[in-house]
$ cat structure06.txt   # compact mmCIF, C-alpha atoms
# COMPACT_ATOMS: atom_id res chain seq x y z
CA MET A 1 -80.33 153.43 -104.76
CA GLY A 2 -77.26 154.80 -106.49
CA GLU A 3 -78.33 156.58 -109.61
CA PHE A 4 -81.98 155.56 -109.29
CA LEU A 5 -84.82 157.30 -107.49
CA LEU A 6 -87.67 155.42 -105.81
CA VAL A 7 -91.06 157.09 -105.41
CA THR A 8 -93.84 155.34 -103.52
CA ILE A 9 -97.31 156.60 -104.17
CA GLN A 10 -99.90 156.02 -101.48
CA VAL A 11 -103.65 156.16 -101.73
CA ASP A 12 -105.68 159.34 -101.75
CA MET A 13 -103.47 161.40 -103.95
CA HIS A 14 -105.51 164.51 -104.43
CA ASP A 15 -104.82 167.16 -107.04
CA ARG A 16 -102.57 169.56 -105.22
CA LEU A 17 -100.47 166.76 -103.70
CA ALA A 18 -100.05 165.20 -107.12
CA LEU A 19 -98.87 168.45 -108.66
CA GLN A 20 -96.54 168.89 -105.71
CA LEU A 21 -95.14 165.45 -106.40
CA GLN A 22 -94.49 166.31 -110.01
CA GLU A 23 -92.56 169.40 -108.99
CA ASP A 24 -90.58 167.72 -106.22
CA LEU A 25 -89.71 164.76 -108.37
CA THR A 26 -88.48 166.74 -111.35
CA GLU A 27 -86.35 168.86 -109.04
CA ARG A 28 -84.80 165.80 -107.40
CA ILE A 29 -84.08 164.15 -110.72
CA ALA A 30 -82.25 167.24 -111.84
CA ALA A 31 -80.46 167.67 -108.51
CA THR A 32 -79.24 164.09 -108.17
CA ARG A 33 -78.80 163.60 -111.91
CA ALA A 34 -80.65 160.33 -111.52
CA SER A 35 -80.69 158.08 -114.55
CA GLY A 36 -83.64 156.03 -113.45
CA VAL A 37 -86.93 156.57 -111.61
CA LEU A 38 -89.07 153.86 -110.06
CA ILE A 39 -92.65 154.81 -109.31
CA ASP A 40 -94.18 152.18 -107.07
CA ILE A 41 -97.97 152.15 -106.99
CA SER A 42 -98.52 148.87 -105.16
CA SER A 43 -100.53 150.70 -102.48
CA LEU A 44 -102.93 152.17 -105.00
CA GLU A 45 -106.14 150.14 -105.13
CA MET A 46 -108.07 152.55 -107.27
CA VAL A 47 -107.20 155.14 -109.82
CA ASP A 48 -109.09 157.72 -111.75
CA SER A 49 -108.23 159.44 -115.00
CA PHE A 50 -106.41 162.16 -113.08
CA ILE A 51 -103.94 159.82 -111.44
CA GLY A 52 -103.57 157.97 -114.72
CA ARG A 53 -102.64 161.12 -116.57
CA MET A 54 -100.36 162.18 -113.75
CA LEU A 55 -98.38 158.96 -114.02
CA GLY A 56 -98.00 159.53 -117.73
CA ASN A 57 -96.89 163.11 -117.11
CA ILE A 58 -94.29 162.16 -114.53
CA ALA A 59 -92.87 159.54 -116.86
CA GLY A 60 -92.71 162.04 -119.69
CA MET A 61 -91.01 164.69 -117.57
CA SER A 62 -88.44 162.24 -116.26
CA LYS A 63 -87.62 161.14 -119.77
CA VAL A 64 -87.05 164.72 -120.84
CA LEU A 65 -84.67 165.08 -117.90
CA GLY A 66 -82.73 162.06 -119.14
CA ALA A 67 -84.09 159.53 -116.65
CA ASP A 68 -85.77 156.23 -117.49
CA THR A 69 -89.05 155.64 -115.73
CA VAL A 70 -90.56 152.34 -114.68
CA VAL A 71 -93.93 152.08 -112.95
CA THR A 72 -94.10 149.09 -110.64
CA GLY A 73 -96.59 147.17 -108.55
CA MET A 74 -99.73 147.87 -110.50
CA GLN A 75 -102.67 145.89 -109.14
CA PRO A 76 -105.05 144.07 -111.54
CA SER A 77 -108.02 146.29 -110.72
CA VAL A 78 -105.95 149.40 -111.37
CA ALA A 79 -104.65 148.03 -114.67
CA ILE A 80 -108.18 147.23 -115.83
CA THR A 81 -109.45 150.67 -114.81
CA LEU A 82 -106.67 152.43 -116.69
CA VAL A 83 -107.28 150.35 -119.79
CA GLU A 84 -111.03 150.99 -119.62
CA LEU A 85 -110.32 154.71 -119.30
CA GLY A 86 -108.28 154.43 -122.46
CA LEU A 87 -105.06 155.27 -120.64
CA SER A 88 -102.74 152.45 -121.55
CA LEU A 89 -99.73 154.59 -120.62
CA ARG A 90 -97.88 153.81 -123.83
CA GLY A 91 -94.24 154.70 -123.62
CA VAL A 92 -94.23 154.08 -119.88
CA ARG A 93 -92.43 150.92 -118.92
CA THR A 94 -93.88 148.73 -116.23
CA ALA A 95 -92.74 145.91 -114.00
CA LEU A 96 -94.46 143.61 -111.56
CA ASN A 97 -92.51 144.85 -108.53
CA VAL A 98 -89.68 147.15 -107.49
CA GLU A 99 -87.07 144.40 -107.78
CA ARG A 100 -87.96 143.65 -111.40
CA GLY A 101 -88.19 147.35 -112.06
CA MET A 102 -84.62 147.84 -110.86
CA ASP A 103 -83.44 144.98 -113.07
CA LEU A 104 -85.13 146.64 -116.02
CA LEU A 105 -83.49 149.98 -115.30
CA ARG A 106 -80.08 148.41 -114.72
CA LYS A 107 -80.26 146.49 -117.97
CA SER A 108 -81.27 149.45 -120.08
CA HIS A 109 -78.69 151.57 -118.29
CA GLU A 110 -75.96 149.10 -119.21
CA ASP A 111 -77.23 148.89 -122.77
CA GLY A 112 -77.13 152.65 -122.95
CA ARG A 113 -73.55 152.75 -121.65
CA HIS A 114 -72.31 150.18 -124.10
CA GLY A 115 -74.11 151.90 -126.91
CA GLY A 116 -77.09 149.59 -127.33
CA PRO A 117 -77.73 145.83 -127.05
CA GLY A 118 -75.04 143.44 -128.35
CA MET B 1 -167.04 144.28 -102.14
CA ASN B 2 -167.89 140.61 -102.02
CA SER B 3 -169.28 140.60 -98.51
CA SER B 4 -172.09 138.34 -99.62
CA SER B 5 -169.72 135.73 -101.02
CA LYS B 6 -170.13 132.38 -99.38
CA LEU B 7 -166.68 131.24 -100.50
CA PRO B 8 -164.83 131.86 -97.19
CA GLU B 9 -167.51 130.05 -95.23
CA VAL B 10 -167.66 127.13 -97.66
CA ILE B 11 -163.93 126.59 -97.50
CA ARG B 12 -163.79 126.96 -93.75
CA ARG B 13 -166.58 124.52 -93.07
CA ASN B 14 -165.69 121.90 -95.66
CA GLU B 15 -161.93 122.04 -95.76
CA SER B 16 -161.27 118.36 -95.11
CA ASP B 17 -163.99 117.19 -97.50
CA ILE B 18 -162.78 119.48 -100.27
CA LEU B 19 -159.24 118.21 -99.69
CA ALA B 20 -160.36 114.58 -99.92
CA ASP B 21 -162.28 115.22 -103.17
CA TRP B 22 -159.39 117.13 -104.63
CA VAL B 23 -156.77 114.49 -103.92
CA ARG B 24 -159.06 111.73 -105.20
CA GLN B 25 -159.58 113.73 -108.39
CA GLN B 26 -155.85 114.26 -108.88
CA VAL B 27 -155.12 110.58 -108.47
CA ALA B 28 -157.97 109.64 -110.79
CA THR B 29 -156.84 112.00 -113.58
CA GLY B 30 -153.23 110.92 -113.15
CA ALA B 31 -152.17 114.48 -112.42
CA ALA B 32 -148.52 115.33 -113.01
CA GLY B 33 -148.09 112.20 -115.10
CA GLY B 34 -146.85 110.12 -112.23
CA LYS B 35 -143.99 112.46 -111.44
CA ILE B 36 -145.27 112.98 -107.94
CA ARG B 37 -146.10 110.37 -105.31
CA GLU B 38 -149.61 110.31 -103.90
CA GLY B 39 -148.30 111.10 -100.41
CA ASP B 40 -146.55 114.21 -101.65
CA ALA B 41 -149.54 115.30 -103.73
CA ARG B 42 -151.77 114.92 -100.68
CA GLU B 43 -149.41 116.94 -98.51
CA GLN B 44 -149.04 119.73 -101.07
CA SER B 45 -152.79 119.90 -101.61
CA ARG B 46 -153.38 120.04 -97.87
CA ALA B 47 -150.84 122.84 -97.45
CA LEU B 48 -152.24 124.91 -100.32
CA LEU B 49 -155.85 124.56 -99.24
CA SER B 50 -154.91 125.48 -95.68
CA ALA B 51 -153.01 128.56 -96.92
CA ILE B 52 -156.02 129.55 -99.04
CA ARG B 53 -158.29 129.21 -96.04
CA GLU B 54 -155.92 131.46 -94.10
CA GLY B 55 -155.87 134.08 -96.82
CA ILE B 56 -159.59 134.07 -97.26
CA GLU B 57 -160.29 134.35 -93.53
CA THR B 58 -160.24 138.14 -93.56
CA GLY B 59 -162.91 138.14 -96.21
CA ASN B 60 -160.49 139.22 -98.90
CA VAL B 61 -161.30 136.88 -101.77
CA SER B 62 -159.55 138.69 -104.58
CA ASP B 63 -156.36 140.54 -103.68
CA VAL B 64 -153.74 137.79 -103.46
CA MET B 65 -150.94 140.29 -102.99
CA ALA B 66 -152.34 141.43 -99.63
CA PRO B 67 -150.51 140.52 -96.38
CA SER B 68 -153.16 137.96 -95.38
CA TRP B 69 -152.22 135.91 -98.44
CA ALA B 70 -148.52 135.83 -97.57
CA SER B 71 -148.36 132.18 -96.57
CA ALA B 72 -150.22 131.16 -99.72
CA ARG B 73 -147.73 133.09 -101.84
CA GLU B 74 -144.84 131.58 -99.91
CA PHE B 75 -146.14 128.08 -100.45
CA LEU B 76 -146.81 128.61 -104.16
CA THR B 77 -143.36 130.12 -104.72
CA GLU B 78 -141.67 127.22 -102.97
CA MET B 79 -143.77 124.65 -104.82
CA ALA B 80 -143.15 126.27 -108.21
CA ARG B 81 -139.40 126.50 -107.58
CA ASN B 82 -139.19 122.85 -106.63
CA ARG B 83 -141.24 121.76 -109.61
CA ALA B 84 -139.14 123.90 -111.96
CA ARG B 85 -135.98 122.32 -110.61
CA GLN B 86 -137.39 118.80 -110.68
CA GLY B 87 -138.33 119.10 -114.34
CA PHE B 88 -142.10 119.45 -114.13
CA THR B 89 -143.68 121.20 -117.09
CA PRO B 90 -145.29 124.63 -116.67
CA ILE B 91 -148.67 123.07 -117.47
CA GLU B 92 -148.29 120.45 -114.75
CA THR B 93 -147.45 123.14 -112.23
CA ALA B 94 -150.38 125.40 -113.12
CA THR B 95 -152.82 122.52 -113.48
CA PHE B 96 -152.18 121.46 -109.93
CA VAL B 97 -153.46 124.80 -108.65
CA MET B 98 -156.31 125.04 -111.16
CA SER B 99 -157.61 121.55 -110.45
CA LEU B 100 -158.94 122.87 -107.15
CA LYS B 101 -161.77 124.55 -109.05
CA LEU B 102 -163.84 121.42 -109.61
CA PRO B 103 -164.18 120.22 -105.98
CA LEU B 104 -164.73 123.83 -104.94
CA PHE B 105 -167.51 124.37 -107.47
CA SER B 106 -169.27 121.17 -106.32
CA ARG B 107 -169.41 122.53 -102.75
CA LEU B 108 -170.59 125.91 -103.96
CA ARG B 109 -173.40 124.27 -105.94
CA GLN B 110 -174.57 122.46 -102.81
CA GLU B 111 -174.41 125.70 -100.82
CA HIS B 112 -176.40 127.74 -103.37
CA LEU B 113 -179.08 125.08 -104.06
CA ASN B 114 -181.86 127.47 -104.98
CA ASP B 115 -179.84 130.55 -105.73
CA ALA B 116 -178.63 130.59 -109.34
CA ALA B 117 -177.45 134.19 -109.20
CA GLY B 118 -175.54 133.62 -105.97
CA LEU B 119 -173.98 130.48 -107.42
CA ALA B 120 -172.89 132.24 -110.60
CA ALA B 121 -171.34 135.08 -108.57
CA ASP B 122 -169.44 132.75 -106.27
CA VAL B 123 -168.27 130.52 -109.10
CA TRP B 124 -166.81 133.61 -110.76
CA THR B 125 -165.17 134.74 -107.50
CA ALA B 126 -163.64 131.32 -107.00
CA THR B 127 -162.47 131.18 -110.63
CA GLU B 128 -160.81 134.56 -110.43
CA LEU B 129 -159.11 133.69 -107.17
CA ILE B 130 -157.73 130.36 -108.30
CA ASP B 131 -156.62 131.79 -111.64
CA LYS B 132 -154.65 134.47 -109.83
CA LEU B 133 -152.99 131.88 -107.61
CA ALA B 134 -152.15 129.73 -110.63
CA LEU B 135 -150.67 132.67 -112.51
CA PHE B 136 -148.65 133.65 -109.45
CA SER B 137 -147.12 130.19 -109.28
CA MET B 138 -146.38 130.34 -113.01
CA GLU B 139 -144.40 133.52 -112.52
CA ALA B 140 -142.38 131.93 -109.73
CA PHE B 141 -141.78 128.94 -112.02
CA GLN B 142 -140.52 131.22 -114.81
CA LYS B 143 -138.25 133.12 -112.47
CA THR B 144 -136.62 129.91 -111.27
CA ARG B 145 -135.97 128.78 -114.83
CA GLU B 146 -134.46 132.18 -115.65
CA GLU B 147 -132.20 132.01 -112.58
CA VAL B 148 -130.88 128.66 -113.80
CA ILE B 149 -130.09 130.12 -117.22
CA VAL B 150 -128.29 133.11 -115.75
CA ARG B 151 -126.25 130.91 -113.44
CA GLN B 152 -125.31 128.59 -116.31
CA GLN B 153 -124.24 131.53 -118.42
CA GLN B 154 -122.01 132.69 -115.61
CA GLU B 155 -120.48 129.25 -115.20
CA LEU B 156 -119.94 128.95 -118.92
CA MET B 157 -118.08 132.22 -119.00
CA GLU B 158 -115.84 131.23 -116.12
CA LEU B 159 -115.23 127.72 -117.44
CA SER B 160 -114.09 128.91 -120.81
CA THR B 161 -111.34 131.24 -119.66
CA PRO B 162 -108.68 129.17 -117.92
CA VAL B 163 -105.17 130.54 -117.56
CA VAL B 164 -102.47 127.90 -117.84
CA LYS B 165 -98.87 128.12 -116.74
CA LEU B 166 -96.72 126.73 -119.57
CA SER B 167 -93.36 127.25 -117.96
CA GLU B 168 -91.65 129.52 -115.48
CA GLY B 169 -92.84 133.03 -116.26
CA ILE B 170 -94.94 132.02 -119.28
CA LEU B 171 -98.72 131.84 -119.18
CA ALA B 172 -101.13 130.63 -121.85
CA LEU B 173 -104.70 131.83 -122.22
CA PRO B 174 -106.66 129.66 -124.68
CA LEU B 175 -109.81 131.51 -125.67
CA ILE B 176 -112.80 129.48 -126.76
CA GLY B 177 -115.83 131.12 -128.26
CA SER B 178 -116.62 134.68 -129.18
CA LEU B 179 -115.12 137.55 -127.24
CA ASP B 180 -117.69 140.12 -126.17
CA SER B 181 -117.17 142.91 -123.68
CA ALA B 182 -118.52 140.86 -120.76
CA ARG B 183 -116.14 138.01 -121.44
CA THR B 184 -113.25 140.39 -121.99
CA GLN B 185 -113.74 141.61 -118.43
CA VAL B 186 -113.57 138.05 -117.11
CA VAL B 187 -110.57 137.26 -119.29
CA MET B 188 -108.69 140.37 -118.19
CA GLU B 189 -109.37 139.71 -114.52
CA SER B 190 -108.25 136.07 -114.67
CA LEU B 191 -105.14 136.88 -116.67
CA LEU B 192 -104.06 139.76 -114.45
CA GLN B 193 -104.67 137.75 -111.27
CA GLN B 194 -102.47 134.97 -112.64
CA ILE B 195 -99.75 137.39 -113.72
CA LEU B 196 -99.73 138.71 -110.17
CA ALA B 197 -99.78 135.25 -108.63
CA THR B 198 -97.12 133.61 -110.81
CA GLY B 199 -95.00 136.66 -111.60
CA ALA B 200 -95.19 135.77 -115.27
CA ASP B 201 -93.69 138.19 -117.76
CA ILE B 202 -95.08 136.65 -120.94
CA ALA B 203 -98.70 135.76 -121.69
CA ILE B 204 -99.67 133.83 -124.84
CA ILE B 205 -103.26 134.53 -125.84
CA ASP B 206 -104.37 131.74 -128.15
CA ILE B 207 -107.34 132.58 -130.36
CA THR B 208 -107.65 129.29 -132.25
CA GLY B 209 -111.09 128.86 -130.68
CA VAL B 210 -112.33 132.35 -131.50
CA PRO B 211 -114.60 132.10 -134.56
CA THR B 212 -114.22 135.61 -135.95
CA VAL B 213 -112.03 138.57 -135.29
CA ASP B 214 -113.60 141.85 -136.35
CA THR B 215 -112.66 145.34 -135.25
CA LEU B 216 -114.63 144.97 -131.99
CA VAL B 217 -112.99 141.69 -131.04
CA ALA B 218 -109.59 143.13 -131.97
CA GLN B 219 -110.30 146.06 -129.64
CA HIS B 220 -111.06 143.66 -126.81
CA LEU B 221 -107.86 141.73 -127.47
CA LEU B 222 -105.79 144.90 -127.54
CA LYS B 223 -107.38 146.04 -124.29
CA THR B 224 -106.35 142.79 -122.68
CA VAL B 225 -102.82 143.12 -124.04
CA ALA B 226 -102.59 146.70 -122.74
CA ALA B 227 -103.77 145.67 -119.30
CA ALA B 228 -101.23 142.84 -119.12
CA ARG B 229 -98.50 145.27 -120.25
CA LEU B 230 -99.36 147.61 -117.41
CA MET B 231 -98.52 144.77 -115.07
CA GLY B 232 -95.20 144.24 -116.72
CA ALA B 233 -96.14 141.25 -118.89
CA ASP B 234 -95.73 141.10 -122.62
CA CYS B 235 -98.34 139.38 -124.77
CA ILE B 236 -98.09 137.19 -127.83
CA ILE B 237 -101.24 136.38 -129.77
CA SER B 238 -101.20 132.91 -131.27
CA GLY B 239 -103.57 130.63 -133.15
CA VAL B 240 -104.21 133.09 -135.95
CA ARG B 241 -105.95 131.07 -138.63
CA PRO B 242 -105.60 131.96 -142.33
CA GLN B 243 -109.18 133.31 -142.55
CA ILE B 244 -108.58 135.44 -139.49
CA ALA B 245 -105.42 136.85 -141.03
CA GLN B 246 -107.38 137.72 -144.18
CA THR B 247 -110.18 139.35 -142.20
CA ILE B 248 -107.75 141.41 -140.16
CA VAL B 249 -106.04 142.78 -143.25
CA HIS B 250 -109.28 143.37 -145.16
CA LEU B 251 -110.82 145.24 -142.24
CA GLY B 252 -107.67 147.23 -141.75
CA VAL B 253 -107.51 146.20 -138.10
CA GLU B 254 -104.49 147.72 -136.41
CA LEU B 255 -102.72 145.30 -134.12
CA GLY B 256 -100.04 147.81 -133.26
CA ASP B 257 -96.81 146.28 -132.08
CA VAL B 258 -98.36 143.12 -130.68
CA THR B 259 -96.49 140.03 -131.81
CA THR B 260 -98.66 137.42 -133.47
CA LYS B 261 -97.91 133.82 -134.37
CA ALA B 262 -99.86 131.22 -136.31
CA THR B 263 -99.53 128.45 -133.75
CA LEU B 264 -99.26 128.14 -130.00
CA ALA B 265 -96.07 126.11 -130.49
CA ASP B 266 -94.38 128.96 -132.35
CA ALA B 267 -95.51 131.40 -129.71
CA PHE B 268 -94.17 129.17 -126.95
CA ARG B 269 -90.80 128.82 -128.67
CA LEU B 270 -90.60 132.59 -129.06
CA ALA B 271 -91.51 133.12 -125.42
CA LEU B 272 -88.81 130.71 -124.27
CA ARG B 273 -86.26 132.44 -126.49
CA ARG B 274 -87.17 135.80 -124.99
CA ASN B 275 -86.54 134.37 -121.56
CA GLY B 276 -83.23 132.95 -122.69
CA LEU B 277 -84.33 129.34 -122.89
CA THR B 278 -84.59 126.71 -125.62
CA ILE B 279 -86.05 123.22 -125.89
CA ALA B 280 -83.35 120.58 -126.36
CA LYS B 281 -83.51 116.84 -126.80
CA ALA B 282 -82.60 114.93 -123.65

$ encode --input "structure06.txt" --output "structure tokens"
Amino acid sequence: MGEFLLVTIQVDMHDRLALQLQEDLTERIAATRASGVLIDISSLEMVDSFIGRMLGNIAGMSKVLGADTVVTGMQPSVAITLVELGLSLRGVRTALNVERGMDLLRKSHEDGRHGGPG
Amino acid sequence: MNSSSKLPEVIRRNESDILADWVRQQVATGAAGGKIREGDAREQSRALLSAIREGIETGNVSDVMAPSWASAREFLTEMARNRARQGFTPIETATFVMSLKLPLFSRLRQEHLNDAAGLAADVWTATELIDKLALFSMEAFQKTREEVIVRQQQELMELSTPVVKLSEGILALPLIGSLDSARTQVVMESLLQQILATGADIAIIDITGVPTVDTLVAQHLLKTVAAARLMGADCIISGVRPQIAQTIVHLGVELGDVTTKATLADAFRLALRRNGLTIAKA
């Protein structure tokens, strides 16, 4: 993946595992000096407010560590649930799938290198 | 309770005669205004009378919800449903059941020739029984009508939220009618399914057909936009009429960073531009 990290979240993420993920991920971002993180949730069919907040947290932490985050593969039912819970994950970028997510990261990475668009 | 009632016996012994009188009476009074053929009326009358005889066999002449009256209830429910669907009026449906009283009373009068008290008691028993059966069929009739309404409401909701693919990666969602929370659910589901299916990254939500946009409607729109965003699609709201624009500003509705355009055409042009395309003359 070069300078990008790919995280795939499977179903049944319970509390302790989620916190573990946050820790592991932040450590890896720092260790590899990744500039982009892709969190793929295409296997998630249901979410609750906990997972929703966790996604927001991970995105926030990655940003602080200098990495862009894109959440990919959200299913319609999950999107509706998050919106109904009032968690629209503002500030977290999203893409339909991993491929598009990578394009997004690559584009913003290039923009960053050349000092912004244009 | 009514162990001395002669009703069960009267019906059992005179079933075919009562049926004949009843059908003749229905034909003579032009029951159901000609909506039902004589053959069908005869068959339905026969079936109901037979079911009543069955129910009354155990001596229970009043509790129509008891197990012995099951086939009568089944028949009445079926009959009422059919009549509701075929466009019979509620009165026509109830009258059919109630018209059994007259032939029944004639038989009872013959049976209680010298017994005024007995006759009065049995006439009352028969009245109560037939009234209950008529009311039961009315309820079934009502329920069928209500089911039709509910189903039509559902269809209406689904019909009025189509999602149209305008071009590669661009979807349009023309909303017609008011946007309540129930419809918002349907709208969100259709839109997100289509985003998934077509891989669209821009959705134009056209609200030309939405009569008013107050804070509640705006909330619903923003929810839909947020949900589409979570799936990686950006939204443009188009079809904002002048009055709508005024209302939004007067109410202080916050549209956040959602792009809005007055017409669908403008929104489409913007969407194409964002995807690096333009419309050129051939």

$ interface_residues --input "structure06.txt" --of "chain B" --to "chain A" --cutoff "6 Å" --atoms "only C-alpha atoms" --output "JSON, numbers by chain"
{"B": [192, 226, 227, 230, 231, 232]}

$ atom_distance --input "structure06.txt" --atom1 "CA of Met65 in chain B" --atom2 "CA of Ser106 in chain B"
26.7 Å

$ atom_distance --input "structure06.txt" --atom1 "CA of Gly169 in chain B" --atom2 "CA of Gln185 in chain B"
22.7 Å

$ residues_around --input "structure06.txt" --residues "Ala59 in chain A" --least-positions-apart "5" --cutoff "12 Å" --atoms "only C-alpha atoms" --output "list in words"
Val7, Gln22, Leu25, Thr26, Ile29, Gly36, Val37, Leu38, Ile39, Gly52, Arg53, Met54, Val64, Leu65, Gly66, Ala67, Asp68, Thr69, Val70, Val71, Leu89, Arg90, Gly91, Val92, Arg93 and Thr94 of chain A

$ atom_distance --input "structure06.txt" --atom1 "CA of Leu129 in chain B" --atom2 "CA of Lys101 in chain B"
9.7 Å

$ residues_near_point --input "structure06.txt" --point "(-96.6, 156.4, -102.6)" --cutoff "9 Å" --atoms "all atoms listed in the file" --output "list in words"
Val7, Thr8, Ile9, Gln10, Val11, Met13, Ile39, Asp40, Ile41, Ser42, Ser43 and Leu44 of chain A

$ closest_residue --input "structure06.txt" --among "B:Glu15, B:Ile204, B:Asp21, B:Arg37" --to "Glu54 in chain B" --atoms "only C-alpha atoms"
B:Glu15

$ residues_near_point --input "structure06.txt" --point "(-113.0, 142.9, -122.2)" --cutoff "12 Å" --atoms "all atoms listed in the file" --output "short mmCIF file (atom, residue, chain, number, x, y, z; two decimals) with C-alpha atoms, in the coordinates of the input"
data_model
loop_
_atom_site.label_atom_id
_atom_site.label_comp_id
_atom_site.auth_asym_id
_atom_site.auth_seq_id
_atom_site.Cartn_x
_atom_site.Cartn_y
_atom_site.Cartn_z
CA ILE A 80 -108.18 147.23 -115.83
CA THR A 81 -109.45 150.67 -114.81
CA VAL A 83 -107.28 150.35 -119.79
CA GLU A 84 -111.03 150.99 -119.62
CA SER B 178 -116.62 134.68 -129.18
CA LEU B 179 -115.12 137.55 -127.24
CA ASP B 180 -117.69 140.12 -126.17
CA SER B 181 -117.17 142.91 -123.68
CA ALA B 182 -118.52 140.86 -120.76
CA ARG B 183 -116.14 138.01 -121.44
CA THR B 184 -113.25 140.39 -121.99
CA GLN B 185 -113.74 141.61 -118.43
CA VAL B 186 -113.57 138.05 -117.11
CA VAL B 187 -110.57 137.26 -119.29
CA MET B 188 -108.69 140.37 -118.19
CA GLU B 189 -109.37 139.71 -114.52
CA SER B 190 -108.25 136.07 -114.67
CA LEU B 191 -105.14 136.88 -116.67
CA LEU B 216 -114.63 144.97 -131.99
CA VAL B 217 -112.99 141.69 -131.04
CA ALA B 218 -109.59 143.13 -131.97
CA GLN B 219 -110.30 146.06 -129.64
CA HIS B 220 -111.06 143.66 -126.81
CA LEU B 221 -107.86 141.73 -127.47
CA LEU B 222 -105.79 144.90 -127.54
CA LYS B 223 -107.38 146.04 -124.29
CA THR B 224 -106.35 142.79 -122.68
CA VAL B 225 -102.82 143.12 -124.04
CA ALA B 226 -102.59 146.70 -122.74
CA ALA B 227 -103.77 145.67 -119.30
#

$ residues_around --input "structure06.txt" --residues "Leu48 in chain B" --least-positions-apart "6" --cutoff "9 Å" --atoms "all atoms listed in the file" --output "PyMOL selection string"
chain B and resi 72+75-76+97

$ decode --input "structure06.txt" --residues "range 84-100 of chain A" --atoms "N, CA and C atoms" --output "mmCIF file, in the first residue's frame"
data_model
loop_
_atom_site.group_PDB
_atom_site.id
_atom_site.type_symbol
_atom_site.label_atom_id
_atom_site.label_comp_id
_atom_site.auth_asym_id
_atom_site.auth_seq_id
_atom_site.Cartn_x
_atom_site.Cartn_y
_atom_site.Cartn_z
ATOM 1 N N GLU A 84 -29.554 8.447 11.622
ATOM 2 C CA GLU A 84 -30.640 8.475 12.616
ATOM 3 C C GLU A 84 -30.088 8.670 14.014
ATOM 4 N N LEU A 85 -28.897 8.131 14.283
ATOM 5 C CA LEU A 85 -28.291 8.295 15.602
ATOM 6 C C LEU A 85 -27.687 9.678 15.761
ATOM 7 N N GLY A 86 -27.746 10.455 14.665
ATOM 8 C CA GLY A 86 -27.187 11.794 14.753
ATOM 9 C C GLY A 86 -25.684 11.807 14.607
ATOM 10 N N LEU A 87 -25.117 10.703 14.110
ATOM 11 C CA LEU A 87 -23.670 10.646 13.922
ATOM 12 C C LEU A 87 -23.384 10.732 12.437
ATOM 13 N N SER A 88 -23.306 11.940 11.898
ATOM 14 C CA SER A 88 -23.060 12.012 10.468
ATOM 15 C C SER A 88 -21.581 11.999 10.148
ATOM 16 N N LEU A 89 -20.742 11.798 11.164
ATOM 17 C CA LEU A 89 -19.294 11.687 10.977
ATOM 18 C C LEU A 89 -18.751 12.836 10.136
ATOM 19 N N ARG A 90 -19.099 14.073 10.531
ATOM 20 C CA ARG A 90 -18.583 15.207 9.770
ATOM 21 C C ARG A 90 -17.092 15.259 9.926
ATOM 22 N N GLY A 91 -16.416 15.657 8.857
ATOM 23 C CA GLY A 91 -14.965 15.724 8.949
ATOM 24 C C GLY A 91 -14.318 14.397 8.611
ATOM 25 N N VAL A 92 -15.134 13.330 8.473
ATOM 26 C CA VAL A 92 -14.569 12.058 8.045
ATOM 27 C C VAL A 92 -14.918 11.874 6.584
ATOM 28 N N ARG A 93 -13.932 11.648 5.759
ATOM 29 C CA ARG A 93 -14.232 11.486 4.349
ATOM 30 C C ARG A 93 -14.670 10.055 4.075
ATOM 31 N N THR A 94 -15.504 9.911 3.083
ATOM 32 C CA THR A 94 -16.009 8.574 2.774
ATOM 33 C C THR A 94 -15.923 8.299 1.291
ATOM 34 N N ALA A 95 -15.894 7.030 0.960
ATOM 35 C CA ALA A 95 -15.876 6.616 -0.446
ATOM 36 C C ALA A 95 -16.643 5.311 -0.555
ATOM 37 N N LEU A 96 -17.126 5.058 -1.776
ATOM 38 C CA LEU A 96 -17.985 3.892 -1.977
ATOM 39 C C LEU A 96 -17.217 2.587 -1.749
ATOM 40 N N ASN A 97 -15.962 2.535 -2.194
ATOM 41 C CA ASN A 97 -15.181 1.307 -1.999
ATOM 42 C C ASN A 97 -13.713 1.656 -1.822
ATOM 43 N N VAL A 98 -12.912 0.638 -1.566
ATOM 44 C CA VAL A 98 -11.493 0.842 -1.274
ATOM 45 C C VAL A 98 -10.787 1.512 -2.441
ATOM 46 N N GLU A 99 -11.151 1.094 -3.666
ATOM 47 C CA GLU A 99 -10.488 1.657 -4.852
ATOM 48 C C GLU A 99 -10.676 3.168 -4.905
ATOM 49 N N ARG A 100 -11.967 3.590 -4.769
ATOM 50 C CA ARG A 100 -12.241 5.027 -4.807
ATOM 51 C C ARG A 100 -11.560 5.734 -3.641
#
